[in-house]
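Below: one structure, written as structure tokens.
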Amino acid sequence: MIRAILYLLVVFFTNVIQGITGFAGTVLAMPFTILLYGIDVAKPSLTILTTLACLFITARNFRHIAWREFFKIILLMFAGVLAGEALYPLFQTGVLLQIYAVFIIAIALLGLLKRKDRNLPEAAMCGCVLLAGVIHGMFISGGPLLIIYAVRKLPDKNRFRATLSLIWICLDLYLIIKQYAAGLLTASTLSITALGIPMLLLGVLLGGILAKKMSQALFLKLTYVLLIISGASLLLN
């Protein structure tokens with residue numbers, strides 16, 4: 001009973017964040033859910049819950065989707081994911097993940113501390129998205145690098161949330177198909193997932209209300225803080 005209550009609290013609070021920013025819910029929930037139920041339950045359960053949260057956000061903010069950026073990002077991300085899956089067996093993944101985590105934290109700190117963002121060349125920005133896909137294919141953790149791109153290309157908080165939510169839906173559906181093929185979507189896992197849906201909806205709804213009241217400057221600061229937390233969680237994995 002206590003474990004179930006803790007799980008529901010984790011789902012609620014992390015989806016308040018997901019509702020505000022359109023990302024980071026899974027990254028924040030994963031360590032706690034792994035402790036409660038183990039990784040084989042945490043990954044598929046949170047993937048499904050994140051997909052539902054993003055469907056909710058996308059439906060409520062559909063008119064704000066930046067379609068040109070969406071198609072560019074999704075093509076580059078999926079190309080990177082396929083490359084990352086192929087490259088995964090060739091690398092010492094622990095060291096690579098640690099380097100990636102430090103890079104994410106450094107970029108986020110720069111974003112918090114400096115007053116103006118420098119405009120990177122378009123090729124470098126596209127390379128950033130492609131690399132995000134590669135990392136996602138290797139570790140299912142490419143989100144932080146994608147956020148670095150999105151902060152610059154989608155500075156408006158509504159376009160940021162709506163566009164990223166649709167991207168997560170596409171990527172997570174791909175992961176759900178793979179998890180189903182691997183036999184991870186068991187009856188027990190699905191029942192735990194279903195338990196979290198009401199708290200997920202409440203969290204995302206509250207997050208959406210808070211997002212409307214939040215200034216653009218505060219939204220960007222919160223985004224960079226969540227990037228630092230995301231990087232730190234990767235270092236601890």
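Letters A, B, ... mark the chains of the structure tokens in the order given; residue numbers begin at 1 per chain; ligand numbers begin at 1, in order shown.
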Exercise. Name the residues in contact with Gly143 of chain A at a cut-off of 10 Å, using only C-alpha atoms, excluding same-chain residues fewer than 4 positions from it; report them as a list in words.
Key: Phe23, Ala24, Thr26, Val27, Val129, Ala132, Gly133, Ile135, His136, Ile147, Ile148, Leu164, Trp168, Leu227 and Ser230 of chain A
Distance query Leu210 of chain A at most 8 Å, only C-alpha atoms, self and fewer than 4 positions along chain excluded, as a PDB file with N, CA, C and O atoms, in the first residue's frame:
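Writing done, so here's part-v2.pdb:
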```pdb
ATOM      1  N   ILE A  20       3.927  21.633 -17.273  1.00  0.00           N
ATOM      2  CA  ILE A  20       4.451  22.995 -17.388  1.00  0.00           C
ATOM      3  C   ILE A  20       5.357  23.134 -18.608  1.00  0.00           C
ATOM      4  O   ILE A  20       5.214  24.075 -19.400  1.00  0.00           O
ATOM      5  N   LEU A 206      -2.839  20.519 -13.738  1.00  0.00           N
ATOM      6  CA  LEU A 206      -2.284  21.563 -12.867  1.00  0.00           C
ATOM      7  C   LEU A 206      -1.070  22.216 -13.508  1.00  0.00           C
ATOM      8  O   LEU A 206      -0.915  23.447 -13.465  1.00  0.00           O
ATOM      9  N   MET A 214       2.918  31.458 -15.869  1.00  0.00           N
ATOM     10  CA  MET A 214       4.365  31.619 -15.768  1.00  0.00           C
ATOM     11  C   MET A 214       4.894  32.543 -16.861  1.00  0.00           C
ATOM     12  O   MET A 214       4.494  32.442 -18.019  1.00  0.00           O
TER      13      MET A 214
END
```
Quiz item: Pick from A:Arg68, A:Arg60, A:Lys153, A:Lys114: nearest to Gly19 of chain A, with only C-alpha atoms counted?
Solution: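 When distances to Gly19 of chain A are compared using only C-alpha atoms, the smallest one comes from A:Arg60.
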Practice problem: Could you tell me, as a PyMOL selection string, which residues of segment 48-84 of chain A DSSP assigns to alpha helix (DSSP H) when given the backbone? | Solution: chain A and resi 48-60+67-84
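Ranking A:Phe32, A:Tyr180, A:Tyr149, A:Phe160 by their shortest atom-to-atom distance to Val11 of chain A, with only C-alpha atoms included, puts A:Phe32 first.
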Quiz prompt | Separation of atom CA of Val81 of chain A from atom CA of Val134 of chain A in Å | solution =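 Atom CA of Val81 of chain A lies 4.8 Å from atom CA of Val134 of chain A.
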Practice problem: Fewer than 3 positions away in the same chain doesn't count, so skip those; otherwise give me all residues within 12 Å of Phe78 of chain A, counting only C-alpha atoms, as a list in words. | Solution: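 Listing them by chain and then by number gives Phe71, Lys72, Ile73, Ile74, Leu75, Val81, Leu82, Ala83, Gly84, Glu85, Val129, Leu130, Leu131, Ala132, Gly133, Val134, Ile135, His136, Gly137, Gly142, Ile167, Trp168, Cys170, Leu171, Asp172, Tyr174 and Leu175 of chain A.
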Quiz item: Excluding same-chain residues fewer than 6 positions from Pro155 of chain A, what lies within 10 Å of it counting only C-alpha atoms, as a ChimeraX atom specification?
Solution: /A:216-217,219-220
Shell of 8 Å around Leu205 of chain A, only C-alpha atoms, local chain residues under 4 positions omitted, as a compact mmCIF listing (two decimals) with C-alpha atoms, in the first residue's frame:
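The resulting around.txt:
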```
# COMPACT_ATOMS: atom_id res chain seq x y z
CA VAL A 16 3.02 18.71 -12.97
CA GLY A 19 2.51 19.77 -17.91
CA LEU A 201 -4.18 13.67 -15.59
CA ILE A 209 -2.59 26.00 -15.46
```
Quiz item: Using only C-alpha atoms, which of A:Ser165, A:Thr58, A:Thr193, A:Thr223 sits nearest Thr33 of chain A?
Solution: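 For Thr33 of chain A, the nearest of the candidates is A:Thr193.
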Quiz item: Counting only C-alpha atoms, what is within 12 Å of Arg152 of chain A, bar same-chain residues fewer than 3 positions away, as a count of residues only?
Solution: 24
Quiz prompt | Selected residue of minimal separation from Leu113 of chain A among A:Tyr224, A:Tyr7, A:Trp67, A:Tyr88, counting only C-alpha atoms | solution =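 Ranking A:Tyr224, A:Tyr7, A:Trp67, A:Tyr88 by distance to Leu113 of chain A, first place goes to A:Tyr224.
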